[in-house]
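Let me begin by presenting the structure, written as structure tokens, before commenting on it.
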Amino acid sequence: MFKPMLRGSACALKAVSVRAAFRPVAAASFVSPIRFYSSSLNKDEISSRVIDVVKSFDKTTASASITNDTHFAKDLGLDSLDTVELLVAIEEEFDIEIPDKVADEIKSVGEAVKYIESNPEAN
Amino acid sequence: MASKVELLSSYKQLVRALVKSNRRSKIVQQLEDNKKQIALLTYRKISLIRQCQDPDPQEKLKAMMNLNGLNKKIDNLKQDDPSKSRKLYFYDKSNELKKLIMEDRSAETSTIIKKLEHLRDIAGFLQNQMEFEQLVERYNPGLKMDQEEKVKRTAAKVGLQVPDI
């Protein structure tokens, strides 16, 4: 495809044009499949997935009605160790790692959803 | 108070390592189990199909009904994807783990510190072991290949093709 275009041009020009012609194509084809950011995650999806995870936790007491306002300790009757376990499960679901300092602040479903939404690596 | 924060973070590391390493092996195990179940059900199905040739219409009807049930079961098993199961995000023996940790909270500070260190060591070991296994697997793709796949690839290497049966 590029051959007839390059035949008449000088050597230097050839090299430059070849590079210019190929680089964007190559870059695009290499980068695009890897960089798949979480643009597809919206808030409703995150919260429904978090709620599903919470529901499958067998230590929760009131698993029937979990909403964004559900508090881990007050509504679900979890102690701090259970909460840690739940957060690890949520980490696994979204394939992220929540740093300890942030994890201490997460005490309800809504807060977890908010953190995951702000994390670009979540998927 | 400081020890509480430390305890939580060590516990978290431990649970995380346990869940991650457990989940991987459990998914593999579940897939194997499903395969075995499917083979068993298929065998039963074949013998039922043989029964369907029974001259007695009532027997035939019964066999047909059973056959439908079996088909449904096989389909369910085939569609079952253990990697999506949310149960595997939790460590199933966490209650015992918790008891073990809460056992001697009133003990001396030095013993508690030692215990926490021990917990972190276990977590580190689990995580590194898992990483090691993943690397071994990645560098030796033949390890987990089944015989059929191996034969196919070996044949392909010398330009032959295994016939489809």
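FYI, nothing fancy with the structure tokens labels: chains A, B, ... in order, residues from 1 per chain, ligands from 1 as they appear.
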
How close does each residue of chain B get to chain A, giving the shortest atom pair and distance in Å to one decimal for every residue with an atom at most 12 Å away, counting only C-alpha atoms, sorted by chain and residue number, as a Markdown table?
```
| residue | atom | partner | partner_atom | distance |
| --- | --- | --- | --- | --- |
| B:Lys4 | CA | A:Ser80 | CA | 9.8 |
| B:Val5 | CA | A:Asp104 | CA | 9.0 |
| B:Glu6 | CA | A:Asp100 | CA | 10.1 |
| B:Leu7 | CA | A:Leu81 | CA | 9.1 |
| B:Leu8 | CA | A:Leu81 | CA | 6.7 |
| B:Ser9 | CA | A:Asp100 | CA | 6.7 |
| B:Ser10 | CA | A:Asp100 | CA | 10.2 |
| B:Tyr11 | CA | A:Leu81 | CA | 7.5 |
| B:Lys12 | CA | A:Val84 | CA | 5.9 |
| B:Gln13 | CA | A:Val88 | CA | 9.0 |
| B:Leu14 | CA | A:Glu85 | CA | 9.9 |
| B:Val15 | CA | A:Glu85 | CA | 6.6 |
| B:Arg16 | CA | A:Val88 | CA | 5.9 |
| B:Ala17 | CA | A:Val88 | CA | 9.6 |
| B:Leu18 | CA | A:Val88 | CA | 10.3 |
| B:Val19 | CA | A:Ala89 | CA | 8.1 |
| B:Lys20 | CA | A:Glu92 | CA | 8.0 |
| B:Ser21 | CA | A:Glu92 | CA | 11.7 |
| B:Arg23 | CA | A:Glu92 | CA | 9.9 |
| B:Arg24 | CA | A:Glu92 | CA | 11.8 |
| B:Ser83 | CA | A:Glu93 | CA | 10.5 |
| B:Lys84 | CA | A:Glu93 | CA | 9.1 |
| B:Ser85 | CA | A:Ser56 | CA | 9.3 |
| B:Arg86 | CA | A:Val53 | CA | 6.2 |
| B:Lys87 | CA | A:Ser56 | CA | 6.1 |
| B:Leu88 | CA | A:Ala89 | CA | 8.5 |
| B:Tyr89 | CA | A:Ala89 | CA | 4.7 |
| B:Phe90 | CA | A:Ala89 | CA | 6.0 |
| B:Tyr91 | CA | A:Glu85 | CA | 8.1 |
| B:Asp92 | CA | A:Asp58 | CA | 9.4 |
| B:Lys93 | CA | A:Glu85 | CA | 11.6 |
| B:Ser94 | CA | A:Glu85 | CA | 8.5 |
| B:Asn95 | CA | A:Asp82 | CA | 9.3 |
| B:Leu97 | CA | A:Leu81 | CA | 10.2 |
| B:Lys98 | CA | A:Leu81 | CA | 7.6 |
| B:Lys99 | CA | A:Leu81 | CA | 10.8 |
| B:Ile101 | CA | A:Leu81 | CA | 10.1 |
| B:Met102 | CA | A:Leu81 | CA | 10.1 |
```

Margin query: Between CA of Lys36 in chain B and CA of Asn66 in chain B, what is the distance in Å, rounded to a tenth?
Written below: 19.7 Å

Next item on the list: Give the helix (DSSP H, G or I) residues of range 27-117 of chain B, as assigned by DSSP on the backbone, as a PyMOL selection string.
Entry: chain B and resi 27-51+57-79+82-84+86-89+94-102+109-117
